[in-house]
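Asks: Here you go, target.pdb (PDB, N, CA and C atoms, pLDDT in the B column):
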ATOM      1  N   MET U   1      52.336 138.833 116.681  1.00 83.00           N
ATOM      2  CA  MET U   1      52.300 139.936 117.604  1.00 83.00           C
ATOM      3  C   MET U   1      53.130 141.082 117.044  1.00 83.00           C
ATOM      4  N   LEU U   2      52.722 142.287 117.389  1.00 83.00           N
ATOM      5  CA  LEU U   2      53.512 143.472 117.084  1.00 83.00           C
ATOM      6  C   LEU U   2      54.079 143.968 118.411  1.00 83.00           C
ATOM      7  N   LEU U   3      55.373 143.892 118.561  1.00 87.00           N
ATOM      8  CA  LEU U   3      56.024 144.288 119.802  1.00 87.00           C
ATOM      9  C   LEU U   3      56.513 145.725 119.683  1.00 87.00           C
ATOM     10  N   LYS U   4      56.047 146.569 120.572  1.00 87.00           N
ATOM     11  CA  LYS U   4      56.416 147.980 120.536  1.00 87.00           C
ATOM     12  C   LYS U   4      57.937 148.119 120.622  1.00 87.00           C
ATOM     13  N   ASN U   5      58.517 148.816 119.662  1.00 88.00           N
ATOM     14  CA  ASN U   5      59.961 149.074 119.574  1.00 88.00           C
ATOM     15  C   ASN U   5      60.806 147.820 119.361  1.00 88.00           C
ATOM     16  N   HIS U   6      60.185 146.678 119.027  1.00 88.00           N
ATOM     17  CA  HIS U   6      60.956 145.452 118.834  1.00 88.00           C
ATOM     18  C   HIS U   6      60.610 144.708 117.549  1.00 88.00           C
ATOM     19  N   GLY U   7      59.560 145.081 116.852  1.00 85.00           N
ATOM     20  CA  GLY U   7      59.215 144.408 115.609  1.00 85.00           C
ATOM     21  C   GLY U   7      58.096 143.405 115.769  1.00 85.00           C
ATOM     22  N   THR U   8      58.155 142.362 114.962  1.00 86.00           N
ATOM     23  CA  THR U   8      57.078 141.382 114.923  1.00 86.00           C
ATOM     24  C   THR U   8      57.540 140.031 115.473  1.00 86.00           C
ATOM     25  N   LEU U   9      56.565 139.224 115.883  1.00 87.00           N
ATOM     26  CA  LEU U   9      56.849 137.903 116.426  1.00 87.00           C
ATOM     27  C   LEU U   9      55.710 136.975 116.031  1.00 87.00           C
ATOM     28  N   THR U  10      56.047 135.813 115.512  1.00 86.00           N
ATOM     29  CA  THR U  10      55.030 134.812 115.195  1.00 86.00           C
ATOM     30  C   THR U  10      55.466 133.462 115.750  1.00 86.00           C
ATOM     31  N   VAL U  11      54.505 132.588 115.925  1.00 86.00           N
ATOM     32  CA  VAL U  11      54.771 131.211 116.352  1.00 86.00           C
ATOM     33  C   VAL U  11      53.979 130.280 115.449  1.00 86.00           C
ATOM     34  N   GLY U  12      54.348 129.014 115.456  1.00 81.00           N
ATOM     35  CA  GLY U  12      53.626 128.028 114.658  1.00 81.00           C
ATOM     36  C   GLY U  12      53.967 126.631 115.117  1.00 81.00           C
ATOM     37  N   ASP U  13      53.224 125.676 114.607  1.00 81.00           N
ATOM     38  CA  ASP U  13      53.474 124.281 114.939  1.00 81.00           C
ATOM     39  C   ASP U  13      54.769 123.767 114.325  1.00 81.00           C
ATOM     40  N   SER U  14      55.256 124.486 113.310  1.00 82.00           N
ATOM     41  CA  SER U  14      56.492 124.105 112.624  1.00 82.00           C
ATOM     42  C   SER U  14      57.186 125.371 112.153  1.00 82.00           C
ATOM     43  N   ALA U  15      58.414 125.215 111.660  1.00 83.00           N
ATOM     44  CA  ALA U  15      59.133 126.362 111.101  1.00 83.00           C
ATOM     45  C   ALA U  15      58.376 126.917 109.899  1.00 83.00           C
ATOM     46  N   ALA U  16      57.780 126.027 109.102  1.00 84.00           N
ATOM     47  CA  ALA U  16      57.019 126.466 107.930  1.00 84.00           C
ATOM     48  C   ALA U  16      55.836 127.329 108.342  1.00 84.00           C
ATOM     49  N   GLY U  17      55.088 126.886 109.337  1.00 82.00           N
ATOM     50  CA  GLY U  17      53.930 127.646 109.797  1.00 82.00           C
ATOM     51  C   GLY U  17      54.314 129.000 110.364  1.00 82.00           C
ATOM     52  N   ALA U  18      55.360 129.041 111.180  1.00 85.00           N
ATOM     53  CA  ALA U  18      55.807 130.306 111.770  1.00 85.00           C
ATOM     54  C   ALA U  18      56.321 131.255 110.695  1.00 85.00           C
ATOM     55  N   PHE U  19      57.081 130.731 109.733  1.00 86.00           N
ATOM     56  CA  PHE U  19      57.605 131.576 108.669  1.00 86.00           C
ATOM     57  C   PHE U  19      56.486 132.167 107.828  1.00 86.00           C
ATOM     58  N   MET U  20      55.506 131.342 107.444  1.00 84.00           N
ATOM     59  CA  MET U  20      54.432 131.841 106.597  1.00 84.00           C
ATOM     60  C   MET U  20      53.568 132.856 107.329  1.00 84.00           C
ATOM     61  N   ARG U  21      53.354 132.662 108.616  1.00 83.00           N
ATOM     62  CA  ARG U  21      52.610 133.666 109.383  1.00 83.00           C
ATOM     63  C   ARG U  21      53.366 134.990 109.409  1.00 83.00           C
ATOM     64  N   MET U  22      54.673 134.915 109.591  1.00 87.00           N
ATOM     65  CA  MET U  22      55.490 136.138 109.598  1.00 87.00           C
ATOM     66  C   MET U  22      55.455 136.806 108.227  1.00 87.00           C
ATOM     67  N   PHE U  23      55.578 136.013 107.183  1.00 86.00           N
ATOM     68  CA  PHE U  23      55.550 136.546 105.824  1.00 86.00           C
ATOM     69  C   PHE U  23      54.258 137.315 105.579  1.00 86.00           C
ATOM     70  N   TYR U  24      53.124 136.703 105.910  1.00 83.00           N
ATOM     71  CA  TYR U  24      51.838 137.352 105.666  1.00 83.00           C
ATOM     72  C   TYR U  24      51.595 138.528 106.611  1.00 83.00           C
ATOM     73  N   LEU U  25      52.062 138.455 107.844  1.00 86.00           N
ATOM     74  CA  LEU U  25      51.914 139.576 108.772  1.00 86.00           C
ATOM     75  C   LEU U  25      52.678 140.794 108.264  1.00 86.00           C
ATOM     76  N   GLU U  26      53.927 140.601 107.886  1.00 88.00           N
ATOM     77  CA  GLU U  26      54.723 141.737 107.413  1.00 88.00           C
ATOM     78  C   GLU U  26      54.196 142.269 106.087  1.00 88.00           C
ATOM     79  N   ARG U  27      53.707 141.389 105.248  1.00 89.00           N
ATOM     80  CA  ARG U  27      53.142 141.835 103.967  1.00 89.00           C
ATOM     81  C   ARG U  27      51.870 142.661 104.197  1.00 89.00           C
ATOM     82  N   ALA U  28      51.029 142.238 105.124  1.00 87.00           N
ATOM     83  CA  ALA U  28      49.812 142.979 105.432  1.00 87.00           C
ATOM     84  C   ALA U  28      50.148 144.357 106.015  1.00 87.00           C
ATOM     85  N   CYS U  29      51.149 144.404 106.879  1.00 88.00           N
ATOM     86  CA  CYS U  29      51.556 145.688 107.456  1.00 88.00           C
ATOM     87  C   CYS U  29      52.071 146.631 106.374  1.00 88.00           C
ATOM     88  N   LYS U  30      52.866 146.104 105.462  1.00 92.00           N
ATOM     89  CA  LYS U  30      53.392 146.921 104.370  1.00 92.00           C
ATOM     90  C   LYS U  30      52.256 147.469 103.507  1.00 92.00           C
ATOM     91  N   MET U  31      51.281 146.618 103.191  1.00 91.00           N
ATOM     92  CA  MET U  31      50.157 147.064 102.374  1.00 91.00           C
ATOM     93  C   MET U  31      49.355 148.151 103.086  1.00 91.00           C
ATOM     94  N   GLN U  32      49.190 148.018 104.398  1.00 90.00           N
ATOM     95  CA  GLN U  32      48.430 149.017 105.138  1.00 90.00           C
ATOM     96  C   GLN U  32      49.165 150.352 105.151  1.00 90.00           C
ATOM     97  N   VAL U  33      50.471 150.331 105.372  1.00 92.00           N
ATOM     98  CA  VAL U  33      51.250 151.576 105.383  1.00 92.00           C
ATOM     99  C   VAL U  33      51.190 152.246 104.011  1.00 92.00           C
ATOM    100  N   LEU U  34      51.325 151.464 102.952  1.00 93.00           N
ATOM    101  CA  LEU U  34      51.246 152.026 101.606  1.00 93.00           C
ATOM    102  C   LEU U  34      49.855 152.596 101.324  1.00 93.00           C
ATOM    103  N   ALA U  35      48.816 151.910 101.778  1.00 91.00           N
ATOM    104  CA  ALA U  35      47.450 152.396 101.574  1.00 91.00           C
ATOM    105  C   ALA U  35      47.212 153.697 102.333  1.00 91.00           C
ATOM    106  N   GLN U  36      47.707 153.779 103.563  1.00 91.00           N
ATOM    107  CA  GLN U  36      47.522 154.980 104.365  1.00 91.00           C
ATOM    108  C   GLN U  36      48.303 156.156 103.796  1.00 91.00           C
ATOM    109  N   ALA U  37      49.405 155.879 103.109  1.00 93.00           N
ATOM    110  CA  ALA U  37      50.191 156.959 102.516  1.00 93.00           C
ATOM    111  C   ALA U  37      49.450 157.617 101.362  1.00 93.00           C
ATOM    112  N   GLY U  38      48.471 156.914 100.799  1.00 88.00           N
ATOM    113  CA  GLY U  38      47.719 157.444  99.671  1.00 88.00           C
ATOM    114  C   GLY U  38      46.590 158.381 100.066  1.00 88.00           C
ATOM    115  N   GLY U  39      46.342 158.544 101.329  1.00 87.00           N
ATOM    116  CA  GLY U  39      45.275 159.437 101.777  1.00 87.00           C
ATOM    117  C   GLY U  39      44.230 158.692 102.580  1.00 87.00           C
ATOM    118  N   GLU U  40      43.010 159.196 102.535  1.00 87.00           N
ATOM    119  CA  GLU U  40      41.917 158.641 103.333  1.00 87.00           C
ATOM    120  C   GLU U  40      41.554 157.233 102.848  1.00 87.00           C
ATOM    121  N   LEU U  41      41.377 156.316 103.803  1.00 84.00           N
ATOM    122  CA  LEU U  41      41.007 154.940 103.479  1.00 84.00           C
ATOM    123  C   LEU U  41      39.499 154.773 103.536  1.00 84.00           C
ATOM    124  N   LEU U  42      38.977 153.981 102.643  1.00 85.00           N
ATOM    125  CA  LEU U  42      37.560 153.643 102.659  1.00 85.00           C
ATOM    126  C   LEU U  42      37.407 152.322 103.401  1.00 85.00           C
ATOM    127  N   LEU U  43      36.520 152.292 104.374  1.00 86.00           N
ATOM    128  CA  LEU U  43      36.300 151.083 105.159  1.00 86.00           C
ATOM    129  C   LEU U  43      35.172 150.264 104.544  1.00 86.00           C
ATOM    130  N   CYS U  44      35.305 148.942 104.615  1.00 87.00           N
ATOM    131  CA  CYS U  44      34.254 148.079 104.086  1.00 87.00           C
ATOM    132  C   CYS U  44      33.214 147.817 105.169  1.00 87.00           C
ATOM    133  N   ASP U  45      32.063 147.316 104.746  1.00 91.00           N
ATOM    134  CA  ASP U  45      30.988 147.065 105.694  1.00 91.00           C
ATOM    135  C   ASP U  45      31.265 145.791 106.504  1.00 91.00           C
ATOM    136  N   THR U  46      30.511 145.611 107.561  1.00 91.00           N
ATOM    137  CA  THR U  46      30.706 144.491 108.481  1.00 91.00           C
ATOM    138  C   THR U  46      30.504 143.147 107.797  1.00 91.00           C
ATOM    139  N   ALA U  47      29.546 143.046 106.892  1.00 93.00           N
ATOM    140  CA  ALA U  47      29.288 141.775 106.203  1.00 93.00           C
ATOM    141  C   ALA U  47      30.509 141.350 105.391  1.00 93.00           C
ATOM    142  N   THR U  48      31.151 142.287 104.737  1.00 92.00           N
ATOM    143  CA  THR U  48      32.351 141.980 103.951  1.00 92.00           C
ATOM    144  C   THR U  48      33.482 141.544 104.866  1.00 92.00           C
ATOM    145  N   GLU U  49      33.652 142.234 105.985  1.00 87.00           N
ATOM    146  CA  GLU U  49      34.691 141.863 106.952  1.00 87.00           C
ATOM    147  C   GLU U  49      34.496 140.429 107.433  1.00 87.00           C
ATOM    148  N   GLN U  50      33.271 140.067 107.754  1.00 88.00           N
ATOM    149  CA  GLN U  50      32.994 138.718 108.254  1.00 88.00           C
ATOM    150  C   GLN U  50      33.238 137.675 107.173  1.00 88.00           C
ATOM    151  N   ARG U  51      32.839 137.975 105.926  1.00 88.00           N
ATOM    152  CA  ARG U  51      33.042 137.022 104.833  1.00 88.00           C
ATOM    153  C   ARG U  51      34.532 136.774 104.598  1.00 88.00           C
ATOM    154  N   VAL U  52      35.324 137.841 104.593  1.00 84.00           N
ATOM    155  CA  VAL U  52      36.767 137.700 104.388  1.00 84.00           C
ATOM    156  C   VAL U  52      37.400 136.966 105.567  1.00 84.00           C
ATOM    157  N   GLY U  53      36.941 137.265 106.776  1.00 80.00           N
ATOM    158  CA  GLY U  53      37.456 136.587 107.961  1.00 80.00           C
ATOM    159  C   GLY U  53      37.244 135.092 107.922  1.00 80.00           C
ATOM    160  N   LYS U  54      36.127 134.652 107.377  1.00 80.00           N
ATOM    161  CA  LYS U  54      35.853 133.218 107.262  1.00 80.00           C
ATOM    162  C   LYS U  54      36.728 132.559 106.198  1.00 80.00           C
ATOM    163  N   GLN U  55      37.125 133.317 105.180  1.00 78.00           N
ATOM    164  CA  GLN U  55      37.946 132.767 104.099  1.00 78.00           C
ATOM    165  C   GLN U  55      39.376 132.502 104.558  1.00 78.00           C
ATOM    166  N   VAL U  56      39.857 133.285 105.514  1.00 71.00           N
ATOM    167  CA  VAL U  56      41.233 133.148 105.991  1.00 71.00           C
ATOM    168  C   VAL U  56      41.185 132.553 107.391  1.00 71.00           C
ATOM    169  N   SER U  57      41.327 131.252 107.468  1.00 64.00           N
ATOM    170  CA  SER U  57      41.273 130.566 108.752  1.00 64.00           C
ATOM    171  C   SER U  57      42.623 130.658 109.446  1.00 64.00           C
ATOM    172  N   PRO U  58      42.673 130.465 110.772  1.00 62.00           N
ATOM    173  CA  PRO U  58      43.948 130.491 111.497  1.00 62.00           C
ATOM    174  C   PRO U  58      44.938 129.443 111.000  1.00 62.00           C
ATOM    175  N   ALA U  59      44.444 128.348 110.453  1.00 61.00           N
ATOM    176  CA  ALA U  59      45.324 127.280 109.981  1.00 61.00           C
ATOM    177  C   ALA U  59      45.842 127.537 108.569  1.00 61.00           C
ATOM    178  N   PHE U  60      45.408 128.633 107.935  1.00 60.00           N
ATOM    179  CA  PHE U  60      45.796 128.900 106.550  1.00 60.00           C
ATOM    180  C   PHE U  60      47.299 128.949 106.372  1.00 60.00           C
ATOM    181  N   SER U  61      47.993 129.700 107.213  1.00 52.00           N
ATOM    182  CA  SER U  61      49.439 129.858 107.031  1.00 52.00           C
ATOM    183  C   SER U  61      50.174 128.543 107.222  1.00 52.00           C
ATOM    184  N   GLN U  62      49.705 127.710 108.132  1.00 53.00           N
ATOM    185  CA  GLN U  62      50.365 126.419 108.346  1.00 53.00           C
ATOM    186  C   GLN U  62      50.081 125.463 107.193  1.00 53.00           C
ATOM    187  N   THR U  63      48.838 125.412 106.754  1.00 60.00           N
ATOM    188  CA  THR U  63      48.473 124.509 105.669  1.00 60.00           C
ATOM    189  C   THR U  63      49.167 124.930 104.384  1.00 60.00           C
ATOM    190  N   PHE U  64      49.030 126.191 104.026  1.00 58.00           N
ATOM    191  CA  PHE U  64      49.635 126.691 102.795  1.00 58.00           C
ATOM    192  C   PHE U  64      51.153 126.618 102.887  1.00 58.00           C
ATOM    193  N   GLY U  65      51.708 127.019 104.016  1.00 58.00           N
ATOM    194  CA  GLY U  65      53.154 127.015 104.165  1.00 58.00           C
ATOM    195  C   GLY U  65      53.747 125.634 104.106  1.00 58.00           C
ATOM    196  N   GLY U  66      53.109 124.684 104.775  1.00 61.00           N
ATOM    197  CA  GLY U  66      53.638 123.333 104.793  1.00 61.00           C
ATOM    198  C   GLY U  66      53.458 122.602 103.483  1.00 61.00           C
ATOM    199  N   ALA U  67      52.357 122.859 102.808  1.00 72.00           N
ATOM    200  CA  ALA U  67      52.040 122.095 101.607  1.00 72.00           C
ATOM    201  C   ALA U  67      52.662 122.657 100.338  1.00 72.00           C
ATOM    202  N   LEU U  68      52.747 123.968 100.205  1.00 78.00           N
ATOM    203  CA  LEU U  68      53.174 124.551  98.938  1.00 78.00           C
ATOM    204  C   LEU U  68      54.410 125.437  99.040  1.00 78.00           C
ATOM    205  N   ALA U  69      54.321 126.487  99.805  1.00 82.00           N
ATOM    206  CA  ALA U  69      55.372 127.509  99.800  1.00 82.00           C
ATOM    207  C   ALA U  69      56.667 127.043 100.464  1.00 82.00           C
ATOM    208  N   TRP U  70      56.568 126.365 101.584  1.00 84.00           N
ATOM    209  CA  TRP U  70      57.771 125.997 102.340  1.00 84.00           C
ATOM    210  C   TRP U  70      58.730 125.117 101.541  1.00 84.00           C
ATOM    211  N   PRO U  71      58.270 124.036 100.891  1.00 85.00           N
ATOM    212  CA  PRO U  71      59.206 123.241 100.085  1.00 85.00           C
ATOM    213  C   PRO U  71      59.868 124.063  98.977  1.00 85.00           C
ATOM    214  N   GLY U  72      59.116 124.973  98.377  1.00 87.00           N
ATOM    215  CA  GLY U  72      59.690 125.839  97.351  1.00 87.00           C
ATOM    216  C   GLY U  72      60.748 126.773  97.914  1.00 87.00           C
ATOM    217  N   LEU U  73      60.502 127.305  99.098  1.00 87.00           N
ATOM    218  CA  LEU U  73      61.487 128.179  99.740  1.00 87.00           C
ATOM    219  C   LEU U  73      62.754 127.408 100.099  1.00 87.00           C
ATOM    220  N   LEU U  74      62.598 126.175 100.542  1.00 88.00           N
ATOM    221  CA  LEU U  74      63.769 125.349 100.861  1.00 88.00           C
ATOM    222  C   LEU U  74      64.600 125.056  99.608  1.00 88.00           C
ATOM    223  N   ARG U  75      63.927 124.789  98.481  1.00 91.00           N
ATOM    224  CA  ARG U  75      64.663 124.571  97.231  1.00 91.00           C
ATOM    225  C   ARG U  75      65.415 125.831  96.818  1.00 91.00           C
ATOM    226  N   LYS U  76      64.784 126.977  96.984  1.00 92.00           N
ATOM    227  CA  LYS U  76      65.421 128.247  96.615  1.00 92.00           C
ATOM    228  C   LYS U  76      66.668 128.504  97.458  1.00 92.00           C
ATOM    229  N   VAL U  77      66.580 128.320  98.760  1.00 93.00           N
ATOM    230  CA  VAL U  77      67.739 128.565  99.615  1.00 93.00           C
ATOM    231  C   VAL U  77      68.832 127.531  99.346  1.00 93.00           C
ATOM    232  N   ALA U  78      68.461 126.301  98.981  1.00 93.00           N
ATOM    233  CA  ALA U  78      69.455 125.282  98.640  1.00 93.00           C
ATOM    234  C   ALA U  78      70.227 125.660  97.382  1.00 93.00           C
ATOM    235  N   ARG U  79      69.533 126.293  96.415  1.00 94.00           N
ATOM    236  CA  ARG U  79      70.219 126.756  95.203  1.00 94.00           C
ATOM    237  C   ARG U  79      71.145 127.927  95.504  1.00 94.00           C
ATOM    238  N   GLN U  80      70.672 128.847  96.346  1.00 95.00           N
ATOM    239  CA  GLN U  80      71.437 130.061  96.621  1.00 95.00           C
ATOM    240  C   GLN U  80      72.573 129.825  97.621  1.00 95.00           C
ATOM    241  N   SER U  81      72.384 128.902  98.542  1.00 93.00           N
ATOM    242  CA  SER U  81      73.382 128.625  99.584  1.00 93.00           C
ATOM    243  C   SER U  81      73.549 127.132  99.782  1.00 93.00           C
ATOM    244  N   PRO U  82      74.213 126.461  98.866  1.00 91.00           N
ATOM    245  CA  PRO U  82      74.386 124.997  99.013  1.00 91.00           C
ATOM    246  C   PRO U  82      75.028 124.652 100.369  1.00 91.00           C
ATOM    247  N   GLY U  83      74.502 123.625 100.997  1.00 89.00           N
ATOM    248  CA  GLY U  83      75.057 123.183 102.281  1.00 89.00           C
ATOM    249  C   GLY U  83      74.546 123.966 103.470  1.00 89.00           C
ATOM    250  N   PHE U  84      73.487 124.782 103.293  1.00 87.00           N
ATOM    251  CA  PHE U  84      72.980 125.581 104.410  1.00 87.00           C
ATOM    252  C   PHE U  84      72.469 124.714 105.553  1.00 87.00           C
ATOM    253  N   ASN U  85      72.037 123.505 105.248  1.00 82.00           N
ATOM    254  CA  ASN U  85      71.410 122.658 106.273  1.00 82.00           C
ATOM    255  C   ASN U  85      72.370 121.624 106.870  1.00 82.00           C
ATOM    256  N   THR U  86      73.657 121.794 106.682  1.00 79.00           N
ATOM    257  CA  THR U  86      74.612 120.836 107.258  1.00 79.00           C
ATOM    258  C   THR U  86      75.069 121.258 108.626  1.00 79.00           C
TER
END
Reformat the file's structure so that it appears as structure tokens.
Replies:
Amino acid sequence: MLLKNHGTLTVGDSAAGAFMRMFYLERACKMQVLAQAGGELLLCDTATEQRVGKQVSPAFSQTFGGALAWPGLLRKVARQSPGFNT
């Protein structure tokens, strides 16, 4: 969700799912702002929108986050801040 004057909010079945949804939401917003700063945007056709929509399922952030990215992020924070989880 985008909360007016409050930022973003995501939820998930786990911390990994919620974090990855937030990561991708904020990244998408950043890309859109950067694209709009470049001038007029070209819109894609409806068929392309539907094809891309099918490629990114609602479970993507949870599956990807839990299986690949989340364990890597935990290792990174453990290196940078030993004992963070005590």
Asks: For the structure shown, which residues end up in the PyMOL selection byres ((chain U and resi 10) around 7)? Put them as a PyMOL selection string, please?
Replies: chain U and resi 1+8-9+11-12+18-19+21-22
Asks: So the first atom is atom CA of Glu49 of chain U and the second is atom CA of Glu26 of chain U; what is the distance between them in Å, to one decimal place?
Replies: 20.0 Å
Asks: Which value, in Å to one decimal, gives the distance between atom N of Thr86 of chain U and atom C of Leu73 of chain U?
Replies: 13.9 Å
Asks: To one decimal in Å, tell me the separation between atom CA of Gly72 of chain U and atom N of Tyr24 of chain U.
Replies: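 Rounded to one decimal, the two atoms are 15.3 Å apart.
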Asks: Taking the DSSP assignment computed from this structure's backbone, write out as a ChimeraX atom specification all residues of chain U that belong to alpha helix (DSSP H).
Replies: /U:15-37,46-55,60-64,70-80
Asks: Just list the residues in chain U DSSP gives strand (DSSP E) on the backbone, as JSON, numbers by chain.
Replies: {"U": [2, 3, 7, 8]}
Asks: Please determine, counting all atoms listed in the file, which residue among U:Val52, U:Asn5, U:Gly38, U:Trp70 has the shortest atom-to-atom distance to Met20 of chain U.
Replies: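 Looking only at the distances to Met20 of chain U, the closest residue turns out to be U:Trp70.
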Asks: Assuming 3 Å of padding per side, give the centre and edge lengths of the axis-aligned box around every listed atom of segment 69-86 of chain U, in Å to one decimal and as AutoDock Vina command-line options.
Replies:
--center_x 64.7 --center_y 125.4 --center_z 101.9 --size_x 26.7 --size_y 15.2 --size_z 19.4
